[in-house]
Each structure stands twice: as C-alpha cells, then as structure tokens.
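One structure is given here, and the rest of the page talks about it.
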Amino acid sequence: MLTHDKIWTAVDRLAARAGLTPSGLAKRAGLDPTTFNRSKRVTGDGRERWPSTESIAKALAATGTGVDAFVQLIEEQPRPAHTVPLLGFAQAGNGGYFDDGGYPVGNGWDEVGLPTDSDENLYALEIAGDSMRPAYRDGDVIVVSPNAPIRRGDRVVVKAKSGEVMAKELRRRTAKTIELRSLNPAHEDRVLATSEVEWIARIIWASQ
C-alpha cells in the first residue's frame, strides 16, 4: 500500500543518495527550499500532505534519477541510518553550537545521513551561496572532523573568534599564524593570527 510516509521517505532517500539534505534537493531542483521540509508534510490542521507530482519530477530530473529508480526507493526496506548533526554555515557562526574545541554541542541541529562510517564527533555543514565555487556549490554538504589530523593542503573549516566561518585550504600553519588559500579564486587568501582562531577542523567528505 502506498502511504504518505513511504513517499516522503523515498524523497529523503533520493536526497541522501545525491549527498543533499531535503532542502538542498529542493534548491537543486529549482524549488522553494522548504518544499520537502518536514513542516510541509502536514497541513495546518494536521492532515498528511502528498508532495506534488511536479516537485517529484523536478527532483528526479535534478538528480538524474528515473521513475523506476524512485519506485525502488519507495519499496526499499528501511535500514538503520548513520546520521550526523547538520548546521548551516550562517548558523555555525553563532554561539552555542560548538564547544571550545570545535565539537558539536547544544540544540538546534538538524541531521543528515552519511554514506560512510564515522566517529561520534563528525558533523555536517550545508553550503549557502556561491562564495566557495567551484569547490562547493549552494546546497552541497560538507562533513567535518574535529578529530582528524590536519596537514598542509587539506581543506578545512575555520571559525574565527569574530564569528566568521570559512572553508579554505590550509597552506601553512605555524605557532603564530595560519595561512589559508581560498577555494574560490575570486576571493583573497587569508592569513590569520593563531590568537584570532577559535578552532580549525578538517573536511573529510563533501557531496558533489
């Protein structure tokens, strides 16, 4: 029997297969970012709502997925999902989401499924805007490990004490400074004093 839950679960699986959140899938399909959000799955009076045929068609086209493959996602048996906390870049600059070591804490996180095993301190950030093109696009998700060792040439997320959060490539790190190369050639490279940096963590996976 086809149910609302099965259809919405298939949408979630479609997003996860593309390395996206439901909102990221909607944006890539040219839809309102909230189209597939959980709040849109019920009406104001509590009745379950179907996703529109048009929104499903656009999501399939955006991910290069055929109707037969989507039917398989509907019929697929549920599996325990490996999830990590997910936050937007803009939110990450606010207080309350990380401890002093850059580990995820507090409330307000969403979750995203990962196609890989991971440690308990991994978290994900959703890219907003085009400032990190061509490396990362709007709606892409990057997975960050505060535990992973960082070497020259690694892509990293850096949070400055000013609240700015940025994704860069580590060019050089000394006791006094951290030199960062911008992923978007239209943006300048950065050199930060170590005292200006709240934390730095390595990017270990990204949806593309």
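Residue numbering restarts at 1 in every chain; chains get A, B, ... in the order shown in the structure tokens, and ligands count up from 1 in that same order.
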
Using only C-alpha atoms, which protein or nucleic acid residues come within 10 Å of range 159-163 of chain A? Drop anything in the same chain fewer than 2 positions from it, and give the result as a compact mmCIF listing (two decimals) with C-alpha atoms, in the first residue's frame.
```
# COMPACT_ATOMS: atom_id res chain seq x y z
CA ALA A 90 25.49 31.11 8.82
CA GLN A 91 24.26 29.34 11.96
CA ALA A 92 27.74 27.96 12.60
CA GLY A 93 29.00 31.49 13.20
CA ASN A 94 26.61 31.93 16.11
CA GLY A 95 27.34 30.81 19.65
CA GLY A 102 35.12 22.84 17.83
CA VAL A 156 39.45 22.81 6.37
CA VAL A 157 36.71 24.77 8.09
CA VAL A 165 33.19 30.64 9.49
CA MET A 166 35.06 29.82 6.29
CA ALA A 167 36.06 26.80 4.20
CA LEU A 192 45.05 34.71 10.49
CA ALA A 193 46.92 35.04 13.73
CA THR A 194 46.58 31.89 15.82
CA SER A 195 45.09 34.02 18.56
CA GLU A 196 42.25 35.00 16.18
CA VAL A 197 41.20 31.39 15.51
CA GLU A 198 38.61 29.70 17.69
CA TRP A 199 39.01 26.30 16.02
CA ILE A 200 40.04 24.60 12.80
CA ALA A 201 38.75 21.21 11.58
```

Could you pull the residues within 6 Å of range 182-185 of chain A, counting only C-alpha atoms, minus those fewer than 5 positions along the same chain, as a PDB file with N, CA and C atoms, in the first residue's frame?
```
ATOM      1  N   MET A 132      32.012  29.749  -2.411  1.00  0.00           N
ATOM      2  CA  MET A 132      33.002  28.673  -2.360  1.00  0.00           C
ATOM      3  C   MET A 132      33.073  27.882  -3.670  1.00  0.00           C
ATOM      4  N   ARG A 133      32.394  28.409  -4.726  1.00  0.00           N
ATOM      5  CA  ARG A 133      32.542  27.777  -6.032  1.00  0.00           C
ATOM      6  C   ARG A 133      33.973  27.941  -6.536  1.00  0.00           C
ATOM      7  N   LYS A 168      38.420  26.712   3.624  1.00  0.00           N
ATOM      8  CA  LYS A 168      39.627  27.098   2.888  1.00  0.00           C
ATOM      9  C   LYS A 168      40.540  25.873   2.749  1.00  0.00           C
TER      10      LYS A 168
END
```

Worksheet item: Got a sec to tell me which of range 98-148 of chain A DSSP assigns to strand (DSSP E or B), as a PyMOL selection string?
Response: chain A and resi 98+104+110-113+123-126+141-145

I'd like a table as a Markdown table: residues in range 71-159 of chain A with an atom no more than 12 Å from range 51-66 of chain A, each row giving the shortest atom pair and its distance in Å to one decimal, only C-alpha atoms counted, sorted by chain and rising residue number.
```
| residue | atom | partner | partner_atom | distance |
| --- | --- | --- | --- | --- |
| A:Val71 | CA | A:Gly66 | CA | 8.8 |
| A:Gln72 | CA | A:Gly66 | CA | 10.1 |
| A:Leu73 | CA | A:Thr65 | CA | 10.6 |
```

Discussion item. To test your reading of the structure, identify every residue in range 25-143 of chain A that backbone DSSP assigns to alpha helix (DSSP H), and report it as a PyMOL selection string.
Written reply: chain A and resi 25-28+53-63+67-75+89-92

Worksheet entry | Shortest interatomic distance to Arg47 in chain A - which of A:His4, A:Leu86, A:Asn107, A:Val141, counting only C-alpha atoms |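 Closest to Arg47 in chain A of all the choices is A:His4.
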
Worksheet item: In Å, with one decimal, what is the gap from CA of Tyr123 in chain A to CA of Gly106 in chain A?
Response: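 That distance, rounded to one decimal, is 12.7 Å.
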
Worksheet item: Which value, in Å to one decimal, gives the distance between CA of Gly46 in chain A and CA of Thr9 in chain A?
Response: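 So the answer is 18.4 Å.
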
Worksheet entry | Distance criterion (only C-alpha atoms): nearest to Arg38 in chain A out of A:Gly139, A:Pro146, A:Gly129, A:Pro22 |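 Smallest separation from Arg38 in chain A among the options: A:Pro22.
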
Item to complete: For CA of Leu122 in chain A and CA of Phe98 in chain A, determine how far apart the two atoms are, in Å to one decimal place.
Response: 11.9 Å
